[in-house]
$ cat protein-v5.cif   # mmCIF, C-alpha atoms
data_work
loop_
_atom_site.label_atom_id
_atom_site.label_comp_id
_atom_site.auth_asym_id
_atom_site.auth_seq_id
_atom_site.Cartn_x
_atom_site.Cartn_y
_atom_site.Cartn_z
CA MET L 692 0.00 0.00 0.00
CA ASN L 693 1.10 3.56 -0.56
CA THR L 694 -0.33 6.77 0.79
CA ASP L 695 0.35 8.81 -2.32
CA LEU L 696 -2.42 8.47 -4.87
CA ARG L 697 -0.77 10.68 -7.47
CA PRO L 698 0.08 9.10 -10.83
CA ARG L 699 3.34 7.14 -10.92
CA SER L 700 5.79 9.10 -8.81
CA GLY L 701 7.43 8.29 -5.52
CA ILE L 702 5.35 5.18 -4.93
CA ARG L 703 6.76 3.32 -1.94
CA PRO L 704 5.02 0.68 0.22
CA LEU L 705 4.43 1.25 3.91
CA SER L 706 4.53 -1.53 6.50
CA ARG L 707 1.17 -2.90 7.65
CA LYS L 708 -0.06 -3.63 11.13
CA ARG L 709 -0.75 -7.20 12.14
CA PRO L 710 -4.38 -8.41 11.99
CA ARG L 711 -6.63 -7.80 14.94
CA SER L 712 -9.66 -10.03 15.37
CA ARG L 713 -11.28 -10.20 11.94
CA ARG L 714 -9.85 -6.95 10.62
CA TRP L 715 -6.65 -6.15 8.85
CA VAL L 716 -5.72 -2.50 9.08
CA GLY L 717 -3.95 -1.03 6.10
CA LEU L 718 -3.74 2.59 7.21
CA SER L 719 -5.68 4.73 9.63
CA VAL L 720 -5.40 8.49 9.89
CA VAL L 721 -1.77 9.44 10.50
CA SER L 722 -0.41 12.53 12.19
CA ALA L 723 2.91 13.70 13.58
CA CYS L 724 4.73 11.08 11.48
CA LEU L 725 7.67 11.40 9.17
CA VAL L 726 6.67 11.47 5.52
CA GLY L 727 6.64 7.95 4.07
CA VAL L 728 7.08 6.27 7.50
CA ALA L 729 4.36 4.21 9.14
CA CYS L 730 3.72 4.95 12.80
CA GLU L 731 1.24 4.10 15.52
CA THR L 732 -1.31 6.78 16.46
CA PRO L 733 -4.24 6.88 18.89
CA GLU L 734 -7.53 5.60 17.53
CA ASP L 735 -9.19 8.23 15.37
CA GLN L 736 -12.83 8.58 16.36
CA ARG L 737 -13.92 8.92 12.75
CA VAL L 738 -12.37 5.54 12.02
CA VAL L 739 -13.96 4.03 15.14
CA ALA L 740 -17.39 5.24 14.03
CA ALA L 741 -16.87 4.03 10.46
CA ARG L 742 -15.76 0.61 11.70
CA ALA L 743 -18.88 0.31 13.83
CA LEU L 744 -21.05 1.23 10.86
CA LEU L 745 -19.43 -1.36 8.59
CA ASP L 746 -19.48 -4.03 11.30
CA SER L 747 -23.24 -3.54 11.63
CA VAL L 748 -23.75 -3.73 7.86
CA MET L 749 -21.69 -6.92 7.65
CA GLU L 750 -23.57 -8.57 10.48
CA ALA L 751 -27.01 -7.59 9.18
CA ASN L 752 -26.27 -8.87 5.69
CA SER L 753 -24.05 -11.91 6.36
CA ILE L 754 -21.17 -10.39 4.41
CA PRO L 755 -18.08 -12.63 4.58
CA GLY L 756 -15.53 -10.00 3.60
CA LEU L 757 -15.38 -6.27 2.98
CA SER L 758 -12.69 -3.68 2.31
CA VAL L 759 -12.85 0.10 2.45
CA ALA L 760 -10.61 3.05 1.70
CA VAL L 761 -11.18 6.77 2.19
CA GLY L 762 -8.99 9.45 0.66
CA ARG L 763 -8.84 13.18 0.32
CA GLY L 764 -7.11 14.13 -2.89
CA SER L 765 -3.82 12.24 -3.07
CA GLN L 766 -3.84 11.21 0.62
CA VAL L 767 -5.16 7.89 1.92
CA ILE L 768 -6.94 8.71 5.18
CA TRP L 769 -8.13 5.22 6.07
CA SER L 770 -7.82 1.77 4.52
CA GLU L 771 -8.95 -1.43 6.20
CA GLY L 772 -10.06 -4.97 5.49
CA PHE L 773 -12.87 -6.70 7.39
CA GLY L 774 -13.81 -10.35 7.62
CA TYR L 775 -12.71 -13.12 5.31
CA SER L 776 -11.76 -13.42 1.68
CA ASP L 777 -11.88 -17.22 1.92
CA LEU L 778 -14.20 -18.84 4.45
CA THR L 779 -12.90 -22.34 3.72
CA HIS L 780 -9.35 -21.53 4.72
CA ASP L 781 -9.99 -18.61 7.11
CA VAL L 782 -8.05 -16.15 4.96
CA MET L 783 -8.61 -12.59 6.12
CA VAL L 784 -9.39 -9.63 3.90
CA THR L 785 -6.50 -7.18 3.68
CA PRO L 786 -6.23 -3.89 1.78
CA SER L 787 -4.51 -5.92 -0.97
CA THR L 788 -7.43 -8.31 -1.47
CA LYS L 789 -8.83 -8.06 -4.99
CA PHE L 790 -12.62 -8.01 -5.42
CA ARG L 791 -14.92 -8.06 -8.42
CA VAL L 792 -15.85 -4.40 -8.92
CA GLY L 793 -18.66 -5.08 -11.39
CA SER L 794 -19.92 -1.98 -13.15
CA VAL L 795 -17.27 0.25 -11.61
CA SER L 796 -15.42 -1.17 -14.62
CA LYS L 797 -17.45 1.34 -16.67
CA PRO L 798 -15.91 4.58 -15.32
CA ILE L 799 -12.52 2.84 -15.40
CA THR L 800 -13.07 2.14 -19.10
CA ALA L 801 -14.33 5.69 -19.60
CA ALA L 802 -10.82 6.90 -18.76
CA ALA L 803 -9.60 5.18 -21.93
CA ILE L 804 -12.32 6.97 -23.87
CA GLY L 805 -10.94 10.23 -22.52
CA VAL L 806 -7.41 9.37 -23.62
CA LEU L 807 -8.62 8.55 -27.14
CA LEU L 808 -10.64 11.78 -27.32
CA GLU L 809 -7.60 13.86 -26.42
CA ALA L 810 -5.51 12.01 -29.00
CA GLY L 811 -8.09 12.80 -31.68
CA ALA L 812 -8.51 9.07 -32.30
CA LEU L 813 -12.19 8.81 -31.33
CA ASP L 814 -15.27 10.72 -32.44
CA LEU L 815 -17.97 10.11 -29.83
CA ASP L 816 -20.69 10.97 -32.33
CA ALA L 817 -19.56 8.77 -35.21
CA PRO L 818 -21.42 5.51 -35.86
CA VAL L 819 -19.81 2.63 -33.99
CA GLN L 820 -19.16 0.87 -37.31
CA THR L 821 -16.43 3.47 -37.89
CA TYR L 822 -14.38 1.56 -35.30
CA VAL L 823 -16.15 -1.82 -35.28
CA PRO L 824 -16.99 -2.56 -38.93
CA SER L 825 -18.26 -6.04 -38.07
CA PHE L 826 -21.03 -4.75 -35.81
CA PRO L 827 -24.34 -5.11 -37.69
CA GLU L 828 -26.11 -1.98 -38.90
CA LYS L 829 -29.28 -1.25 -36.94
CA GLN L 830 -32.49 0.54 -37.81
CA TRP L 831 -30.98 3.74 -36.35
CA PRO L 832 -27.35 4.88 -36.01
CA VAL L 833 -25.61 3.99 -32.74
CA THR L 834 -22.81 6.22 -31.45
CA THR L 835 -20.23 5.79 -28.70
CA ARG L 836 -21.50 8.82 -26.77
CA LEU L 837 -25.01 7.37 -26.58
CA LEU L 838 -23.70 3.93 -25.67
CA ALA L 839 -21.60 5.43 -22.88
CA GLY L 840 -24.67 7.18 -21.43
CA HIS L 841 -27.00 4.16 -21.67
CA LEU L 842 -28.92 5.91 -24.42
CA GLY L 843 -27.80 3.69 -27.30
CA GLY L 844 -30.73 1.27 -27.45
CA ILE L 845 -28.57 -1.79 -26.68
CA ARG L 846 -30.27 -4.29 -24.40
CA HIS L 847 -29.06 -5.41 -20.98
CA TYR L 848 -28.80 -9.01 -19.72
CA GLN L 849 -31.63 -11.41 -20.40
CA GLY L 850 -32.38 -14.37 -18.15
CA ASP L 851 -29.22 -15.84 -16.67
CA GLU L 852 -26.80 -14.32 -19.18
CA ASN L 853 -24.81 -12.68 -16.40
CA PHE L 854 -23.99 -16.18 -15.12
CA SER L 855 -22.14 -17.04 -18.33
CA SER L 856 -19.32 -19.55 -17.93
CA VAL L 857 -18.16 -19.28 -21.55
CA ARG L 858 -14.64 -18.02 -22.21
CA TYR L 859 -14.46 -15.41 -24.97
CA PRO L 860 -10.95 -14.86 -26.38
CA THR L 861 -11.54 -11.30 -27.63
CA VAL L 862 -13.94 -8.44 -26.98
CA LEU L 863 -15.27 -8.87 -30.52
CA SER L 864 -16.19 -12.50 -29.87
CA GLY L 865 -18.17 -11.44 -26.81
CA LEU L 866 -20.40 -9.22 -28.93
CA THR L 867 -22.02 -12.29 -30.49
CA ILE L 868 -24.27 -12.56 -27.43
CA PHE L 869 -26.34 -9.53 -28.43
CA GLN L 870 -25.07 -8.00 -31.67
CA ASP L 871 -27.81 -9.48 -33.87
CA ASP L 872 -30.66 -8.35 -31.62
CA PRO L 873 -32.73 -5.32 -32.57
CA LEU L 874 -32.35 -2.09 -30.60
CA ILE L 875 -34.81 -1.80 -27.74
CA ASN L 876 -35.52 1.85 -28.58
CA GLU L 877 -34.33 4.62 -30.85
CA PRO L 878 -30.94 5.87 -29.57
CA GLY L 879 -31.19 9.10 -27.63
CA THR L 880 -34.85 8.76 -26.74
CA GLU L 881 -34.71 6.71 -23.54
CA TYR L 882 -32.25 5.95 -20.75
CA SER L 883 -31.92 2.17 -20.38
CA TYR L 884 -29.00 0.77 -18.41
CA SER L 885 -26.91 -1.66 -20.44
CA SER L 886 -23.68 -3.44 -19.63
CA TYR L 887 -23.64 -4.82 -23.16
CA ALA L 888 -23.38 -1.25 -24.43
CA TRP L 889 -20.03 -1.08 -22.67
CA ASN L 890 -18.98 -4.40 -24.17
CA LEU L 891 -19.45 -2.70 -27.53
CA ILE L 892 -17.48 0.29 -26.27
CA SER L 893 -14.54 -2.00 -25.49
CA ALA L 894 -14.57 -3.04 -29.15
CA VAL L 895 -14.74 0.64 -30.16
CA ILE L 896 -11.68 1.35 -27.99
CA ALA L 897 -9.80 -1.54 -29.56
CA GLY L 898 -10.71 -0.35 -33.06
CA ALA L 899 -9.89 3.31 -32.40
CA SER L 900 -6.57 2.53 -30.68
CA GLY L 901 -5.49 -0.31 -32.96
CA GLU L 902 -4.61 -2.30 -29.83
CA ALA L 903 -6.24 -5.11 -27.88
CA PHE L 904 -8.61 -3.66 -25.30
CA LEU L 905 -6.94 -5.06 -22.17
CA SER L 906 -3.48 -4.15 -23.41
CA TYR L 907 -4.65 -0.60 -24.06
CA MET L 908 -6.21 -0.33 -20.59
CA ASP L 909 -2.95 -1.47 -19.00
CA ARG L 910 -0.88 1.00 -20.98
CA VAL L 911 -2.96 4.19 -20.84
CA VAL L 912 -5.01 3.83 -17.63
CA PHE L 913 -3.70 1.30 -15.11
CA ASP L 914 0.01 2.00 -15.47
CA PRO L 915 -0.15 5.84 -15.57
CA LEU L 916 -2.46 5.93 -12.54
CA GLY L 917 -0.43 3.42 -10.53
CA MET L 918 -3.27 0.89 -10.46
CA ASP L 919 -1.03 -2.13 -9.97
CA GLU L 920 -3.77 -4.15 -8.22
CA THR L 921 -6.39 -3.78 -10.97
CA VAL L 922 -6.66 -6.61 -13.47
CA ALA L 923 -9.12 -8.42 -15.69
CA GLY L 924 -10.72 -11.30 -13.78
CA HIS L 925 -9.36 -14.13 -15.92
CA THR L 926 -10.62 -17.48 -14.62
CA ASP L 927 -7.63 -19.36 -16.03
CA SER L 928 -5.00 -17.19 -14.32
CA ILE L 929 -3.40 -17.22 -10.89
CA ILE L 930 -4.26 -13.79 -9.51
CA PRO L 931 -2.61 -13.10 -6.14
CA ASN L 932 -4.93 -11.99 -3.34
CA ARG L 933 -8.12 -12.63 -5.32
CA THR L 934 -11.04 -13.18 -2.95
CA ARG L 935 -13.46 -16.04 -3.25
CA PHE L 936 -17.03 -15.08 -4.11
CA TYR L 937 -20.22 -15.72 -2.16
CA VAL L 938 -24.02 -15.57 -2.27
CA VAL L 939 -26.72 -15.93 0.39
CA SER L 940 -29.29 -18.67 -0.11
CA PRO L 941 -33.04 -18.05 0.37
CA ALA L 942 -32.63 -19.73 3.74
CA GLY L 943 -29.97 -17.19 4.73
CA LYS L 944 -26.95 -19.45 4.40
CA VAL L 945 -23.72 -18.13 2.89
CA LEU L 946 -22.71 -20.28 -0.09
CA ASN L 947 -20.02 -20.25 -2.73
CA ALA L 948 -21.15 -18.19 -5.72
CA PRO L 949 -21.71 -20.00 -9.02
CA TYR L 950 -18.73 -20.23 -11.34
CA VAL L 951 -18.79 -17.48 -13.97
CA ASP L 952 -16.37 -16.29 -16.64
CA ASN L 953 -16.56 -12.54 -17.18
CA SER L 954 -14.47 -12.48 -20.36
CA TYR L 955 -17.54 -11.38 -22.29
CA LYS L 956 -17.73 -8.08 -20.40
CA TRP L 957 -14.40 -6.67 -19.26
CA ALA L 958 -15.52 -3.07 -19.84
CA GLY L 959 -19.06 -3.65 -18.62
CA GLY L 960 -18.14 -5.39 -15.38
CA GLY L 961 -15.13 -7.68 -15.54
CA PHE L 962 -12.30 -6.05 -13.60
CA LEU L 963 -10.87 -6.93 -10.20
CA SER L 964 -9.48 -4.22 -7.96
CA THR L 965 -8.87 -2.97 -4.42
CA PRO L 966 -10.31 0.10 -2.68
CA GLU L 967 -6.90 1.77 -2.64
CA ASP L 968 -6.53 1.31 -6.39
CA LEU L 969 -10.00 2.79 -6.83
CA LEU L 970 -8.84 5.80 -4.81
CA ARG L 971 -5.86 6.17 -7.14
CA PHE L 972 -8.18 5.97 -10.11
CA ALA L 973 -10.61 8.56 -8.76
CA ASN L 974 -7.84 10.90 -7.64
CA GLY L 975 -6.62 10.96 -11.23
CA HIS L 976 -9.99 12.52 -12.11
CA LEU L 977 -10.24 15.13 -9.34
CA GLU L 978 -8.20 17.73 -11.17
CA PRO L 979 -6.90 18.13 -14.72
CA GLY L 980 -3.67 16.29 -15.27
CA PHE L 981 -4.26 12.70 -16.29
CA LEU L 982 -7.10 14.09 -18.43
CA GLN L 983 -7.79 17.66 -19.49
CA ALA L 984 -10.47 19.74 -17.78
CA GLU L 985 -12.80 19.68 -20.77
CA THR L 986 -12.47 15.92 -21.04
CA LEU L 987 -13.40 15.50 -17.38
CA GLU L 988 -16.53 17.53 -18.01
CA VAL L 989 -17.46 15.24 -20.91
CA LEU L 990 -17.22 12.27 -18.55
CA PHE L 991 -19.04 13.84 -15.60
CA THR L 992 -21.75 16.00 -17.21
CA SER L 993 -25.16 14.37 -17.38
CA GLN L 994 -26.35 13.48 -20.85
CA THR L 995 -29.90 14.25 -21.88
CA THR L 996 -32.55 12.43 -23.84
CA ARG L 997 -33.69 13.97 -27.09
CA ASP L 998 -36.46 15.86 -25.29
CA GLY L 999 -33.90 17.51 -22.98
CA THR L 1000 -34.43 15.36 -19.88
CA GLU L 1001 -31.25 14.88 -17.88
CA THR L 1002 -30.37 11.28 -17.17
CA GLY L 1003 -27.94 11.85 -14.29
CA TYR L 1004 -25.33 9.85 -16.19
CA GLY L 1005 -22.48 11.18 -18.29
CA VAL L 1006 -19.85 8.97 -19.93
CA GLY L 1007 -19.35 6.14 -17.46
CA TRP L 1008 -20.15 8.23 -14.36
CA SER L 1009 -23.34 8.99 -12.44
CA SER L 1010 -23.55 12.61 -11.39
CA GLY L 1011 -25.53 14.44 -8.73
CA ALA L 1012 -25.26 16.47 -5.54
CA ASN L 1013 -25.24 15.66 -1.83
CA ALA L 1014 -27.17 17.37 0.97
CA HIS L 1015 -24.48 20.08 1.12
CA GLY L 1016 -24.99 20.94 -2.54
CA GLU L 1017 -21.55 19.53 -3.42
CA ARG L 1018 -20.92 17.77 -6.73
CA ILE L 1019 -20.75 13.99 -6.38
CA VAL L 1020 -19.78 11.61 -9.16
CA SER L 1021 -20.00 7.90 -8.51
CA HIS L 1022 -20.66 4.42 -9.75
CA GLY L 1023 -21.84 1.22 -8.16
CA GLY L 1024 -21.02 -2.31 -9.19
CA GLY L 1025 -22.89 -5.57 -8.81
CA SER L 1026 -21.47 -8.90 -9.92
CA VAL L 1027 -21.71 -12.58 -9.10
CA GLY L 1028 -20.06 -12.64 -5.69
CA GLY L 1029 -19.25 -8.95 -5.48
CA ARG L 1030 -20.61 -5.48 -4.76
CA THR L 1031 -18.78 -2.15 -5.02
CA MET L 1032 -19.39 1.55 -4.54
CA LEU L 1033 -17.06 4.37 -5.56
CA THR L 1034 -17.91 8.00 -4.83
CA MET L 1035 -15.91 11.17 -5.40
CA ASN L 1036 -16.77 14.60 -4.03
CA ARG L 1037 -15.48 17.05 -6.63
CA ASP L 1038 -15.68 19.96 -4.20
CA THR L 1039 -14.07 18.54 -1.04
CA GLY L 1040 -11.85 15.95 -2.71
CA ILE L 1041 -13.11 13.13 -0.48
CA ILE L 1042 -13.17 9.72 -2.19
CA VAL L 1043 -14.80 6.61 -0.74
CA ALA L 1044 -14.39 3.09 -2.13
CA ILE L 1045 -16.11 0.06 -0.59
CA VAL L 1046 -16.04 -3.52 -1.91
CA ALA L 1047 -17.54 -6.78 -0.66
CA ASN L 1048 -17.41 -10.41 -1.76
CA LEU L 1049 -21.16 -11.09 -1.56
CA SER L 1050 -23.65 -10.64 -4.41
CA SER L 1051 -26.30 -9.08 -2.18
CA ALA L 1052 -24.09 -6.80 -0.05
CA PRO L 1053 -25.68 -3.32 0.14
CA MET L 1054 -22.74 -1.25 -1.09
CA THR L 1055 -24.84 1.84 -1.76
CA ARG L 1056 -24.32 5.55 -2.33
CA GLU L 1057 -26.08 6.11 0.98
CA LEU L 1058 -23.53 3.95 2.82
CA ALA L 1059 -20.62 5.68 1.09
CA GLY L 1060 -22.21 9.02 1.91
CA ARG L 1061 -22.44 8.15 5.60
CA ILE L 1062 -18.76 7.25 5.62
CA GLU L 1063 -17.88 10.43 3.75
CA GLU L 1064 -19.73 12.50 6.35
CA LEU L 1065 -17.54 11.05 9.09
CA PHE L 1066 -14.37 12.25 7.33
CA ARG L 1067 -15.44 15.76 6.32
#
$ encode --input "protein-v5.cif" --output "C-alpha cells"
Amino acid sequence: MNTDLRPRSGIRPLSRKRPRSRRWVGLSVVSACLVGVACETPEDQRVVAARALLDSVMEANSIPGLSVAVGRGSQVIWSEGFGYSDLTHDVMVTPSTKFRVGSVSKPITAAAIGVLLEAGALDLDAPVQTYVPSFPEKQWPVTTRLLAGHLGGIRHYQGDENFSSVRYPTVLSGLTIFQDDPLINEPGTEYSYSSYAWNLISAVIAGASGEAFLSYMDRVVFDPLGMDETVAGHTDSIIPNRTRFYVVSPAGKVLNAPYVDNSYKWAGGGFLSTPEDLLRFANGHLEPGFLQAETLEVLFTSQTTRDGTETGYGVGWSSGANAHGERIVSHGGGSVGGRTMLTMNRDTGIIVAIVANLSSAPMTRELAGRIEELFR
C-alpha cells in the first residue's frame, strides 16, 4: 500500500499492522509522522465510528468480507479490510485483497475513452461501425456517446446471461451474445441501463486505438495511474490476493457463488481491484492532469434524452449532488459474488471506495455518503 495516490511518482510501500480479530488495518489516519514512514497513532474517532457502521452492515447482511478506503485528494486517510476473503481456509481480507468491482469497470473504461478523445482518435458521435466494422447496422445509427450514457438502445442481460461460464478470447467475440438483436428503442430517446453497451465500447476502444482492449487499458489507464492491483478477472489465471465469491441462499446461508467467466464483459463489469486502487483511479480525475479539464466535463456531465431530460449519467459516471450541494460523481457495481461503490466529491476531494465479496451486499451511495460525512 502507498499513501500517495498521485500518478506514478514516488510510490513506496508502507509496512502494515498485524491483523486484529477479523480486521486487517492497512492505514488509519496518521499525524505527527515522518513522511513515508508508518507509525502508531491513537484511535481516530472517525475511524472508530466508520468501523462500527461497517461491522453492523456486515452482520445484518451476512457479508463474509469487505474492504474500504477513504482518501482526500492524493492522501489515503483510512484503509482497512474486514472479515474473510476465503471462508474455507480462514483467509482474512487485507487492503490488498482483490474483489470483483462489477460496473465500476465502466468509469474505469471511460478513462480510456478520454485518452482517445484527447488524441483525436475517437469521435464520440460517429457511428460505432467506424471503429467496429463487423457490428451489424441497426435501424438507427448507434454512437459511442449514446452507448456510454446508456442511451444507445442496446439491451441489458436477459435471463441468466450474467452467469455465463463461456470463455471469450476477444472483446469482438463477446459481442455475439447480443449483436444481432434489434435495438430496444431509438438511440437518444430513452435511458436504459446496459452493460452490453459497454462491451461494444470496449470493441470501439480496440478499433480506435489499434490495440487489444486489455493491453490498451494497461498502458494508458492502469500504469499511468499506478493501479497495480487492478486486473481483468481471468478465470484461467493465478491472480494473487483474489477473494473467493459468495451468495446468500433463500434460507440465509452463505454459499459459494456460481462459477462465472466474465471475459464477455471486461468493460461492462469484468475487472478486479482494491479500494486503494479505486482511490488512485478517482484521484486521477479530481483535477486536470491525467485528463484535461474539458475531457473531465465530458465524462461527468449528465447526458440528456432527445427531449432535454437529464439522465444523471455522463460517460461512465453517475452525477448528482449531496445534501451540502456539493458535486458527487459515482458508480456502483454488482457482480456474481461482489458489490462495489465508488464516490468522489469534486468539491471537497473526499473519495470513498467500498467492496464486498457477496452478491447481495448493500454497497450503496447512501452507505458511502455516511462514511464520507464522518471524514469531512
$ resolve_selection --input "protein-v5.cif" --expression "the PyMOL selection byres ((chain L and resi 838-849) around 7)" --output "PyMOL selection string"
chain L and resi 833-837+850-853+874-889+994+1004-1007
$ residues_around --input "protein-v5.cif" --residues "L:Glu967" --least-positions-apart "3" --cutoff "10 Å" --atoms "all atoms listed in the file" --output "PyMOL selection string"
chain L and resi 692-694+696+717+758-762+767+769-771+786-787+918+920+964+970-973+1043-1045
$ resolve_selection --input "protein-v5.cif" --expression "the PyMOL selection byres ((chain L and resi 1014-1023) around 10)" --output "number ranges by chain"
L: 792-798, 973, 990-992, 1003-1005, 1007-1013, 1024-1025, 1030-1046, 1054-1056, 1059-1060
$ residues_around --input "protein-v5.cif" --residues "L:Arg858" --least-positions-apart "4" --cutoff "8 Å" --atoms "only C-alpha atoms" --output "PDB file with C-alpha atoms, in the frame of the given file"
ATOM      1  CA  ASP L 952     -16.370 -16.290 -16.640  1.00  0.00           C
ATOM      2  CA  ASN L 953     -16.560 -12.540 -17.180  1.00  0.00           C
ATOM      3  CA  SER L 954     -14.470 -12.480 -20.360  1.00  0.00           C
ATOM      4  CA  TYR L 955     -17.540 -11.380 -22.290  1.00  0.00           C
TER       5      TYR L 955
END
$ atom_distance --input "protein-v5.cif" --atom1 "atom CA of L:Gly975" --atom2 "atom CA of L:Thr1002"
24.5 Å
$ residues_around --input "protein-v5.cif" --residues "L:Val895" --least-positions-apart "6" --cutoff "9 Å" --atoms "all atoms listed in the file" --output "MDAnalysis selection string"
chainID L and resid 813 819:823 835 904
$ atom_distance --input "protein-v5.cif" --atom1 "atom CA of L:Ser855" --atom2 "atom CA of L:Ser940"
19.6 Å
$ closest_residue --input "protein-v5.cif" --among "L:Ala1047, L:Ile799, L:Val912, L:Leu905" --to "L:Val938" --atoms "all atoms listed in the file"
L:Ala1047
